[in-house]
file query.cif (mmCIF, C-alpha atoms and all ligand atoms)
data_my_file
#
loop_
_atom_site.label_atom_id
_atom_site.label_comp_id
_atom_site.auth_asym_id
_atom_site.auth_seq_id
_atom_site.Cartn_x
_atom_site.Cartn_y
_atom_site.Cartn_z
CA MET Q 1 9.22 -19.48 16.17
CA ILE Q 2 6.43 -17.11 15.18
CA ASP Q 3 3.08 -18.75 15.92
CA ILE Q 4 0.19 -17.37 13.88
CA ALA Q 5 -2.27 -19.65 15.67
CA GLN Q 6 -1.95 -17.39 18.73
CA GLY Q 7 -4.56 -14.89 17.51
CA PRO Q 8 -5.22 -12.05 15.11
CA VAL Q 9 -2.71 -11.49 12.33
CA THR Q 10 -2.25 -8.12 10.64
CA ALA Q 11 -0.15 -7.40 7.57
CA VAL Q 12 1.09 -3.96 6.54
CA THR Q 13 2.37 -3.60 3.00
CA GLY Q 14 4.26 -0.89 1.15
CA ALA Q 15 5.61 -0.28 -2.33
CA GLY Q 16 8.09 -3.17 -2.04
CA VAL Q 17 5.29 -5.76 -2.21
CA SER Q 18 4.56 -4.60 -5.78
CA ALA Q 19 8.21 -4.20 -6.78
CA GLU Q 20 8.46 -7.69 -8.30
CA SER Q 21 5.34 -6.89 -10.33
CA GLY Q 22 7.33 -4.12 -11.98
CA VAL Q 23 5.85 -1.13 -10.13
CA PRO Q 24 8.63 1.24 -9.02
CA ILE Q 25 9.09 1.94 -5.32
CA PHE Q 26 9.45 5.52 -4.02
CA ARG Q 27 12.75 5.67 -2.14
CA GLY Q 28 16.27 4.42 -2.79
CA GLU Q 29 18.40 4.25 -5.92
CA GLU Q 30 15.60 3.07 -8.21
CA GLY Q 31 12.84 5.00 -6.42
CA LEU Q 32 10.43 7.49 -8.01
CA TRP Q 33 11.43 10.22 -5.57
CA ARG Q 34 14.93 10.19 -7.02
CA ASP Q 35 13.73 11.64 -10.32
CA TYR Q 36 10.57 13.44 -9.21
CA ARG Q 37 9.93 15.89 -6.40
CA PRO Q 38 6.98 14.89 -4.19
CA GLU Q 39 6.13 18.54 -3.48
CA GLU Q 40 5.66 19.15 -7.24
CA LEU Q 41 3.48 16.10 -7.83
CA ALA Q 42 1.94 14.72 -4.65
CA THR Q 43 0.61 17.66 -2.66
CA LEU Q 44 -2.62 19.66 -2.78
CA GLY Q 45 -0.56 22.80 -3.45
CA ALA Q 46 1.02 21.18 -6.53
CA PHE Q 47 -2.42 20.17 -7.80
CA GLN Q 48 -3.81 23.68 -7.27
CA ARG Q 49 -0.82 25.21 -9.08
CA ASN Q 50 -0.75 22.81 -12.00
CA PRO Q 51 -3.54 20.20 -12.10
CA ARG Q 52 -2.58 19.11 -15.60
CA LEU Q 53 1.01 18.25 -14.58
CA VAL Q 54 -0.17 16.29 -11.54
CA TRP Q 55 -2.75 14.44 -13.62
CA GLU Q 56 -0.14 13.63 -16.27
CA TRP Q 57 1.99 12.03 -13.58
CA TYR Q 58 -0.93 9.98 -12.24
CA ASN Q 59 -1.95 9.09 -15.78
CA TRP Q 60 1.57 7.78 -16.38
CA ARG Q 61 1.48 5.75 -13.16
CA ARG Q 62 -1.96 4.35 -14.03
CA GLU Q 63 -0.60 3.22 -17.41
CA LEU Q 64 2.43 1.70 -15.77
CA VAL Q 65 0.36 -0.23 -13.19
CA SER Q 66 -2.09 -1.38 -15.88
CA GLU Q 67 0.80 -3.15 -17.63
CA CYS Q 68 1.79 -5.04 -14.45
CA ARG Q 69 0.13 -7.91 -12.60
CA PRO Q 70 -0.08 -8.92 -8.93
CA ASN Q 71 2.69 -11.27 -7.81
CA ALA Q 72 3.03 -14.26 -5.50
CA ALA Q 73 3.20 -12.02 -2.40
CA HIS Q 74 -0.19 -10.42 -3.18
CA GLU Q 75 -1.60 -13.90 -3.89
CA THR Q 76 -0.27 -15.29 -0.62
CA LEU Q 77 -1.83 -12.43 1.35
CA ALA Q 78 -5.17 -13.18 -0.35
CA ARG Q 79 -4.78 -16.82 0.69
CA MET Q 80 -4.04 -15.76 4.27
CA GLU Q 81 -7.28 -13.77 4.38
CA LYS Q 82 -9.24 -16.84 3.26
CA THR Q 83 -7.52 -19.19 5.70
CA LEU Q 84 -7.07 -17.26 8.92
CA ARG Q 85 -10.03 -16.51 11.18
CA ASP Q 86 -8.83 -13.04 12.09
CA PHE Q 87 -6.67 -11.37 9.45
CA THR Q 88 -6.38 -7.72 8.50
CA LEU Q 89 -4.53 -6.35 5.48
CA ILE Q 90 -3.41 -2.74 5.57
CA THR Q 91 -1.69 -1.26 2.54
CA GLN Q 92 -0.03 2.04 1.76
CA ASN Q 93 -0.18 1.15 -1.93
CA VAL Q 94 -2.62 2.73 -4.33
CA ASP Q 95 -2.22 0.19 -7.16
CA GLY Q 96 -5.18 -2.08 -6.27
CA PHE Q 97 -3.06 -5.22 -6.65
CA HIS Q 98 -4.20 -6.78 -3.38
CA GLN Q 99 -7.82 -6.75 -4.59
CA ALA Q 100 -6.73 -7.93 -8.05
CA ALA Q 101 -5.04 -10.90 -6.36
CA GLY Q 102 -8.24 -11.79 -4.49
CA SER Q 103 -8.06 -9.95 -1.16
CA GLU Q 104 -11.56 -8.80 -0.24
CA ASN Q 105 -11.00 -6.53 2.75
CA VAL Q 106 -8.13 -4.18 2.16
CA LEU Q 107 -7.55 -1.10 4.30
CA GLU Q 108 -6.06 1.36 1.82
CA VAL Q 109 -4.64 4.08 4.05
CA HIS Q 110 -3.29 6.14 1.11
CA GLY Q 111 -6.27 5.70 -1.23
CA ASN Q 112 -6.47 4.10 -4.66
CA ILE Q 113 -5.15 5.34 -7.98
CA TRP Q 114 -8.15 3.90 -9.86
CA ARG Q 115 -10.65 6.02 -7.93
CA THR Q 116 -11.29 9.62 -8.87
CA ARG Q 117 -13.20 12.18 -6.83
CA CYS Q 118 -14.52 15.67 -7.25
CA THR Q 119 -12.74 18.57 -5.56
CA ALA Q 120 -16.09 20.33 -4.99
CA CYS Q 121 -18.95 17.84 -4.61
CA ASP Q 122 -19.42 14.22 -3.38
CA TYR Q 123 -18.81 12.64 -6.79
CA LEU Q 124 -16.56 9.57 -6.49
CA THR Q 125 -16.00 7.02 -9.21
CA GLU Q 126 -13.81 4.07 -10.14
CA ASP Q 127 -12.29 4.51 -13.58
CA HIS Q 128 -9.82 2.01 -15.06
CA ARG Q 129 -9.37 3.70 -18.43
CA VAL Q 130 -5.79 4.26 -19.53
CA PRO Q 131 -4.80 6.72 -20.72
CA LEU Q 132 -7.39 9.20 -19.46
CA ALA Q 133 -8.52 11.56 -22.19
CA ASP Q 134 -8.69 15.31 -21.64
CA LEU Q 135 -6.44 16.04 -18.70
CA PRO Q 136 -7.28 17.35 -16.18
CA PRO Q 137 -10.67 15.62 -16.01
CA HIS Q 138 -13.75 17.47 -14.77
CA CYS Q 139 -16.71 16.34 -12.69
CA PRO Q 140 -19.69 15.15 -14.77
CA GLU Q 141 -22.01 16.32 -11.95
CA CYS Q 142 -20.80 19.84 -11.19
CA GLY Q 143 -17.98 20.64 -13.64
CA ALA Q 144 -15.28 21.19 -10.98
CA LEU Q 145 -11.85 19.56 -11.24
CA LEU Q 146 -11.57 15.85 -10.48
CA ARG Q 147 -8.57 14.57 -8.51
CA PRO Q 148 -7.12 11.10 -7.88
CA ASP Q 149 -8.61 9.60 -4.69
CA VAL Q 150 -5.19 9.27 -3.08
CA VAL Q 151 -3.67 10.83 0.02
CA TRP Q 152 -1.10 13.51 -0.78
CA PHE Q 153 1.68 14.69 1.51
CA GLY Q 154 0.28 16.97 4.19
CA GLU Q 155 -3.25 15.56 3.88
CA PRO Q 156 -5.01 13.57 6.59
CA LEU Q 157 -5.57 9.86 6.04
CA PRO Q 158 -9.20 8.68 5.69
CA ARG Q 159 -10.35 8.68 9.34
CA ASP Q 160 -12.45 5.49 9.34
CA VAL Q 161 -9.78 3.49 7.49
CA LEU Q 162 -7.04 4.71 9.81
CA ASP Q 163 -9.12 3.97 12.95
CA THR Q 164 -9.76 0.40 11.75
CA ALA Q 165 -6.08 -0.05 10.87
CA TRP Q 166 -5.02 1.27 14.28
CA ALA Q 167 -7.37 -1.16 16.06
CA ALA Q 168 -6.03 -4.06 13.97
CA ALA Q 169 -2.47 -3.08 14.84
CA ALA Q 170 -3.27 -2.81 18.54
CA GLY Q 171 -5.17 -6.11 18.62
CA CYS Q 172 -2.93 -8.41 16.58
CA ARG Q 173 -0.63 -11.10 17.99
CA VAL Q 174 1.52 -11.23 14.85
CA MET Q 175 2.22 -8.38 12.46
CA LEU Q 176 3.85 -8.89 9.06
CA VAL Q 177 5.51 -5.75 7.70
CA ILE Q 178 6.24 -6.23 4.03
CA GLY Q 179 8.06 -3.94 1.62
CA THR Q 180 7.86 -0.61 3.37
CA SER Q 181 10.66 1.76 4.33
CA ALA Q 182 8.54 2.52 7.42
CA VAL Q 183 9.27 6.24 7.38
CA VAL Q 184 5.97 7.80 6.29
CA HIS Q 185 3.68 8.42 9.24
CA PRO Q 186 1.09 7.71 10.46
CA ALA Q 187 1.23 4.38 8.55
CA ALA Q 188 4.78 3.81 9.79
CA SER Q 189 3.51 3.97 13.39
CA LEU Q 190 1.28 0.91 12.98
CA PRO Q 191 4.09 -1.61 13.70
CA THR Q 192 5.06 0.41 16.77
CA VAL Q 193 1.47 0.18 18.02
CA ALA Q 194 1.59 -3.61 17.50
CA LEU Q 195 4.91 -3.89 19.33
CA LYS Q 196 3.61 -1.86 22.28
CA ASN Q 197 0.78 -4.37 22.55
CA ASP Q 198 3.24 -7.30 22.61
CA ALA Q 199 2.67 -8.53 19.08
CA GLN Q 200 5.42 -10.45 17.33
CA LEU Q 201 6.80 -8.56 14.35
CA VAL Q 202 7.97 -10.16 11.11
CA GLU Q 203 9.69 -7.93 8.57
CA ILE Q 204 10.10 -8.97 4.93
CA ASN Q 205 12.36 -6.51 3.15
CA PRO Q 206 15.71 -6.89 1.36
CA ALA Q 207 16.91 -3.69 3.07
CA GLU Q 208 17.20 -2.59 6.67
CA THR Q 209 14.53 -0.20 8.01
CA PRO Q 210 14.00 1.61 11.33
CA LEU Q 211 11.84 -1.37 12.35
CA SER Q 212 14.41 -4.08 11.72
CA ALA Q 213 16.05 -3.87 15.13
CA HIS Q 214 12.67 -4.40 16.83
CA ALA Q 215 11.44 -7.26 14.65
CA HIS Q 216 11.22 -10.82 16.05
CA GLU Q 217 12.00 -12.24 12.61
CA VAL Q 218 13.67 -10.44 9.72
CA ILE Q 219 13.60 -11.92 6.22
CA ARG Q 220 16.02 -10.13 3.93
CA ASP Q 221 14.52 -11.36 0.68
CA PRO Q 222 12.10 -9.95 -1.89
CA ALA Q 223 8.48 -10.45 -0.85
CA ALA Q 224 7.23 -12.50 -3.82
CA GLU Q 225 10.13 -14.87 -3.28
CA ALA Q 226 9.91 -15.09 0.52
CA LEU Q 227 6.27 -14.82 1.54
CA PRO Q 228 4.84 -17.97 -0.10
CA GLY Q 229 7.43 -20.15 1.68
CA TRP Q 230 6.95 -18.33 4.98
CA TRP Q 231 3.20 -18.93 4.76
CA GLU Q 232 3.70 -22.61 3.90
CA ALA Q 233 5.85 -23.02 7.00
CA HIS Q 234 3.51 -21.11 9.32
CA ARG Q 235 -0.04 -21.66 8.12
CA PRO Q 236 -2.39 -23.43 10.54
CA GLY Q 237 -2.05 -27.20 10.35
CA GLN Q 238 1.31 -26.98 8.67
CA ALA Q 239 3.09 -25.71 11.78
CA ARG Q 240 1.54 -28.48 13.91
CA ALA Q 241 2.37 -31.15 11.33
CA THR Q 242 6.05 -30.26 11.32
CA ALA Q 243 6.36 -29.75 15.10
P1 LIG D 301 9.31 3.12 -0.16
O1 LIG D 301 9.71 3.30 -1.57
O2 LIG D 301 9.62 4.21 0.80
O3 LIG D 301 9.96 1.79 0.42
C1 LIG D 301 9.88 0.58 -0.28
C2 LIG D 301 10.51 -0.49 0.57
O4 LIG D 301 10.36 -1.72 -0.10
C3 LIG D 301 12.01 -0.30 0.83
O5 LIG D 301 12.28 -0.46 2.22
C4 LIG D 301 12.67 -1.40 0.00
O6 LIG D 301 13.85 -1.92 0.61
C5 LIG D 301 11.58 -2.44 0.00
N1 LIG D 301 11.61 -3.37 -1.13
C6 LIG D 301 12.09 -3.17 -2.38
N2 LIG D 301 11.88 -4.26 -3.15
C7 LIG D 301 11.26 -5.17 -2.37
C8 LIG D 301 10.75 -6.48 -2.58
N3 LIG D 301 10.85 -7.09 -3.77
N4 LIG D 301 10.17 -7.11 -1.55
C9 LIG D 301 10.06 -6.52 -0.33
N5 LIG D 301 10.49 -5.27 -0.08
C10 LIG D 301 11.07 -4.60 -1.09
O7 LIG D 301 7.75 2.78 -0.15
P2 LIG D 301 6.71 2.86 1.06
O8 LIG D 301 7.33 2.54 2.35
O9 LIG D 301 5.51 2.10 0.65
O10 LIG D 301 2.98 7.88 0.02
O11 LIG D 301 6.38 4.41 1.02
C11 LIG D 301 5.40 4.91 1.88
C12 LIG D 301 4.71 6.07 1.24
O12 LIG D 301 5.67 7.03 0.76
C13 LIG D 301 3.94 5.72 -0.02
O13 LIG D 301 2.68 5.19 0.23
C14 LIG D 301 3.86 7.03 -0.72
C15 LIG D 301 5.32 7.39 -0.60
O14 LIG D 301 5.69 8.66 -0.84
C16 LIG D 301 2.31 8.87 -0.56
O15 LIG D 301 2.36 9.10 -1.75
C17 LIG D 301 1.49 9.67 0.40
#

call {"tool": "encode", "arguments": {"input": "query.cif", "output": "C-alpha cells"}}
result
Amino acid sequence: MIDIAQGPVTAVTGAGVSAESGVPIFRGEEGLWRDYRPEELATLGAFQRNPRLVWEWYNWRRELVSECRPNAAHETLARMEKTLRDFTLITQNVDGFHQAAGSENVLEVHGNIWRTRCTACDYLTEDHRVPLADLPPHCPECGALLRPDVVWFGEPLPRDVLDTAWAAAAGCRVMLVIGTSAVVHPAASLPTVALKNDAQLVEINPAETPLSAHAHEVIRDPAAEALPGWWEAHRPGQARATA
C-alpha cells in the first residue's frame, strides 16, 4: 500500500483534473486539439502572425473557464496541502482552479490564463474580465501588444518554477499524477525524475498513458470521483486507524 507518511508528497496535474468541471482537455476524441491546430493558436509565431485570432481563442477559453467551477479533485488537493507537512502541487493547467479551490502554493509550469503580460516591457497584470474588450489588448504602460502569460509550444518554461518543480519531483516519496496524458515535456519528465529517485507513483486517469506501466498504483477513474476517496484512505491518521 502507498504510504504518504513516508515523506514529501508531490502531485502533478493536467487537463484531466479540470475535465469534470467542464473544461475541455487537449487530446483524445473530445480534446481541443482535434478541432484546433496548436501551431495556429498556441505558438509565438501564430501570435506574431495574427494576434487577434490568438487572443480570440484565449478570450473564448477565459469565458469557458469563467463559467466552470473547481471540482472535488481540486478541493482534495487543497486539503492535502493543508494537512501534509511537505506537499507540493505542480500543474500544467492555466485555469487557476487549484487556487480557486484553496491551494496556496501552486507551481504553474505553463502559466495562467488570467495573467496578461506585455510583449515589450515588464508590465504584468491579473485580469479576470470576460470577455476582454478591444482585442488584441495593448499595454497601458508602453502601448505594445499584451499577450496571455502562458507558455506556448516551443517556448521555455519559467525557469524558477521549473527548478522548484524538478526539486519537488526529485525529493518526493510519493508522486500523484492526475489527469495528464504525460506526453508534453518537460512537465511529462517530472514523474520519471520521481521514479528515478525511488518515489512511489500513483496515477489517476481513466485512460492508459506512457506512465501507467511504471506506476505503483493505477486508478482508472475520473479524478473528482476517485481522489477524495483515495485521500480518505491514505491521509495521516486514517491509514494508521485502519491498519
Ligand atoms: P491532455 O489533454 O493531453 O490529457 C488529458 C488527460 O486527462 C488524458 O490522459 C485523459 O485520459 C485524462 N482525463 C480525462 N478526463 C479525466 C478525468 N475526469 N480525471 C482524470 N483524468 C482525466 O492534457 P495535458 O496532459 O494536461 O500545453 O496536456 C499537457 C499540455 O498539452 C497542456 O498543458 C497544454 C497542452 O497542449 C500547452 O498549451 C503548452

call {"tool": "closest_residue", "arguments": {"input": "query.cif", "among": "Q:Ala165, Q:Ile113, Q:Leu146, Q:Ala100", "to": "Tyr58 in chain Q", "atoms": "all atoms listed in the file"}}
result
Q:Ile113

call {"tool": "closest_atom_pairs", "arguments": {"input": "query.cif", "of": "chain Q", "to": "ligand LIG 301 (chain D)", "cutoff": "8 Å", "atoms": "all atoms listed in the file", "output": "Markdown table"}}
result
| residue | atom | partner | partner_atom | distance |
| --- | --- | --- | --- | --- |
| Q:Thr13 | CA | D:LIG301 | O9 | 6.9 |
| Q:Gly14 | CA | D:LIG301 | O9 | 3.3 |
| Q:Ala15 | CA | D:LIG301 | O9 | 3.8 |
| Q:Gly16 | CA | D:LIG301 | O4 | 3.3 |
| Q:Val17 | CA | D:LIG301 | N4 | 5.1 |
| Q:Ser18 | CA | D:LIG301 | N3 | 7.1 |
| Q:Ala19 | CA | D:LIG301 | N3 | 4.9 |
| Q:Glu20 | CA | D:LIG301 | N3 | 5.2 |
| Q:Pro24 | CA | D:LIG301 | O1 | 7.8 |
| Q:Ile25 | CA | D:LIG301 | O1 | 4.0 |
| Q:Phe26 | CA | D:LIG301 | O1 | 3.3 |
| Q:Arg27 | CA | D:LIG301 | O1 | 3.9 |
| Q:Gly28 | CA | D:LIG301 | O1 | 6.8 |
| Q:Gly31 | CA | D:LIG301 | O1 | 6.0 |
| Q:Leu32 | CA | D:LIG301 | O1 | 7.7 |
| Q:Trp33 | CA | D:LIG301 | O14 | 7.6 |
| Q:Pro38 | CA | D:LIG301 | O14 | 7.2 |
| Q:Ala42 | CA | D:LIG301 | O15 | 6.3 |
| Q:Gln92 | CA | D:LIG301 | O13 | 4.4 |
| Q:Asn93 | CA | D:LIG301 | O13 | 5.4 |
| Q:Val94 | CA | D:LIG301 | O13 | 7.4 |
| Q:His110 | CA | D:LIG301 | C17 | 6.0 |
| Q:Val150 | CA | D:LIG301 | C17 | 7.5 |
| Q:Val151 | CA | D:LIG301 | C17 | 5.3 |
| Q:Trp152 | CA | D:LIG301 | C17 | 4.8 |
| Q:Phe153 | CA | D:LIG301 | C17 | 5.1 |
| Q:Ile178 | CA | D:LIG301 | C9 | 5.8 |
| Q:Gly179 | CA | D:LIG301 | N5 | 3.3 |
| Q:Thr180 | CA | D:LIG301 | O8 | 3.4 |
| Q:Ser181 | CA | D:LIG301 | O5 | 3.5 |
| Q:Ala182 | CA | D:LIG301 | O8 | 5.2 |
| Q:Val183 | CA | D:LIG301 | O8 | 6.5 |
| Q:Val184 | CA | D:LIG301 | C11 | 5.3 |
| Q:Ala187 | CA | D:LIG301 | C11 | 7.9 |
| Q:Ala188 | CA | D:LIG301 | O8 | 8.0 |
| Q:Ile204 | CA | D:LIG301 | C9 | 5.8 |
| Q:Asn205 | CA | D:LIG301 | N5 | 3.9 |
| Q:Pro206 | CA | D:LIG301 | O6 | 5.4 |
| Q:Ala207 | CA | D:LIG301 | O6 | 4.3 |
| Q:Glu208 | CA | D:LIG301 | O6 | 7.0 |
| Q:Thr209 | CA | D:LIG301 | O5 | 6.2 |
| Q:Asp221 | CA | D:LIG301 | N4 | 6.5 |
| Q:Pro222 | CA | D:LIG301 | N4 | 3.5 |
| Q:Ala223 | CA | D:LIG301 | N4 | 3.8 |
| Q:Ala224 | CA | D:LIG301 | N3 | 6.5 |
| Q:Glu225 | CA | D:LIG301 | N3 | 7.8 |

call {"tool": "residues_around", "arguments": {"input": "query.cif", "residues": "Ala168 in chain Q", "least_positions_apart": "5", "cutoff": "10 Å", "atoms": "all atoms listed in the file", "output": "PyMOL selection string"}}
result
chain Q and resi 8-11+86-90+162-163+173+175+190+193-194

call {"tool": "atom_distance", "arguments": {"input": "query.cif", "atom1": "CA of His128 in chain Q", "atom2": "CA of Leu227 in chain Q"}}
result
28.6 Å

call {"tool": "closest_residue", "arguments": {"input": "query.cif", "among": "Q:Gly7, Q:Pro228, Q:Gly22, Q:Pro136", "to": "Leu64 in chain Q", "atoms": "all atoms listed in the file"}}
result
Q:Gly22

call {"tool": "residues_around", "arguments": {"input": "query.cif", "residues": "Gly96 in chain Q", "least_positions_apart": "6", "cutoff": "10 Å", "atoms": "all atoms listed in the file", "output": "list in words"}}
result
Val65, Pro70, Ser103, Val106, Glu108, Gly111, Asn112, Ile113, Trp114 and Arg115 of chain Q

call {"tool": "residues_around", "arguments": {"input": "query.cif", "residues": "Arg147 in chain Q", "least_positions_apart": "3", "cutoff": "7 Å", "atoms": "all atoms listed in the file", "output": "PyMOL selection string"}}
result
chain Q and resi 116-119

call {"tool": "write_last_selection", "arguments": {"input": "query.cif", "atoms": "C-alpha atoms", "output": "PDB file, keeping the file's coordinate frame"}}
result
ATOM      1  CA  THR Q 116     -11.290   9.620  -8.870  1.00  0.00           C
ATOM      2  CA  ARG Q 117     -13.200  12.180  -6.830  1.00  0.00           C
ATOM      3  CA  CYS Q 118     -14.520  15.670  -7.250  1.00  0.00           C
ATOM      4  CA  THR Q 119     -12.740  18.570  -5.560  1.00  0.00           C
TER       5      THR Q 119
END

call {"tool": "atom_distance", "arguments": {"input": "query.cif", "atom1": "CA of Glu203 in chain Q", "atom2": "CA of Gly237 in chain Q"}}
result
22.6 Å

call {"tool": "atom_distance", "arguments": {"input": "query.cif", "atom1": "CA of Lys196 in chain Q", "atom2": "CA of Met1 in chain Q"}}
result
19.5 Å

call {"tool": "residues_around", "arguments": {"input": "query.cif", "residues": "range 214-217 of chain Q", "least_positions_apart": "2", "cutoff": "10 Å", "atoms": "all atoms listed in the file", "output": "CSV table (one decimal) with C-alpha atoms, in the coordinates of the input"}}
result
chain,number,residue,atom,x,y,z
Q,1,MET,CA,9.2,-19.5,16.2
Q,2,ILE,CA,6.4,-17.1,15.2
Q,174,VAL,CA,1.5,-11.2,14.8
Q,175,MET,CA,2.2,-8.4,12.5
Q,176,LEU,CA,3.8,-8.9,9.1
Q,177,VAL,CA,5.5,-5.8,7.7
Q,191,PRO,CA,4.1,-1.6,13.7
Q,192,THR,CA,5.1,0.4,16.8
Q,195,LEU,CA,4.9,-3.9,19.3
Q,199,ALA,CA,2.7,-8.5,19.1
Q,200,GLN,CA,5.4,-10.4,17.3
Q,201,LEU,CA,6.8,-8.6,14.4
Q,202,VAL,CA,8.0,-10.2,11.1
Q,203,GLU,CA,9.7,-7.9,8.6
Q,204,ILE,CA,10.1,-9.0,4.9
Q,209,THR,CA,14.5,-0.2,8.0
Q,210,PRO,CA,14.0,1.6,11.3
Q,211,LEU,CA,11.8,-1.4,12.4
Q,212,SER,CA,14.4,-4.1,11.7
Q,219,ILE,CA,13.6,-11.9,6.2
Q,220,ARG,CA,16.0,-10.1,3.9
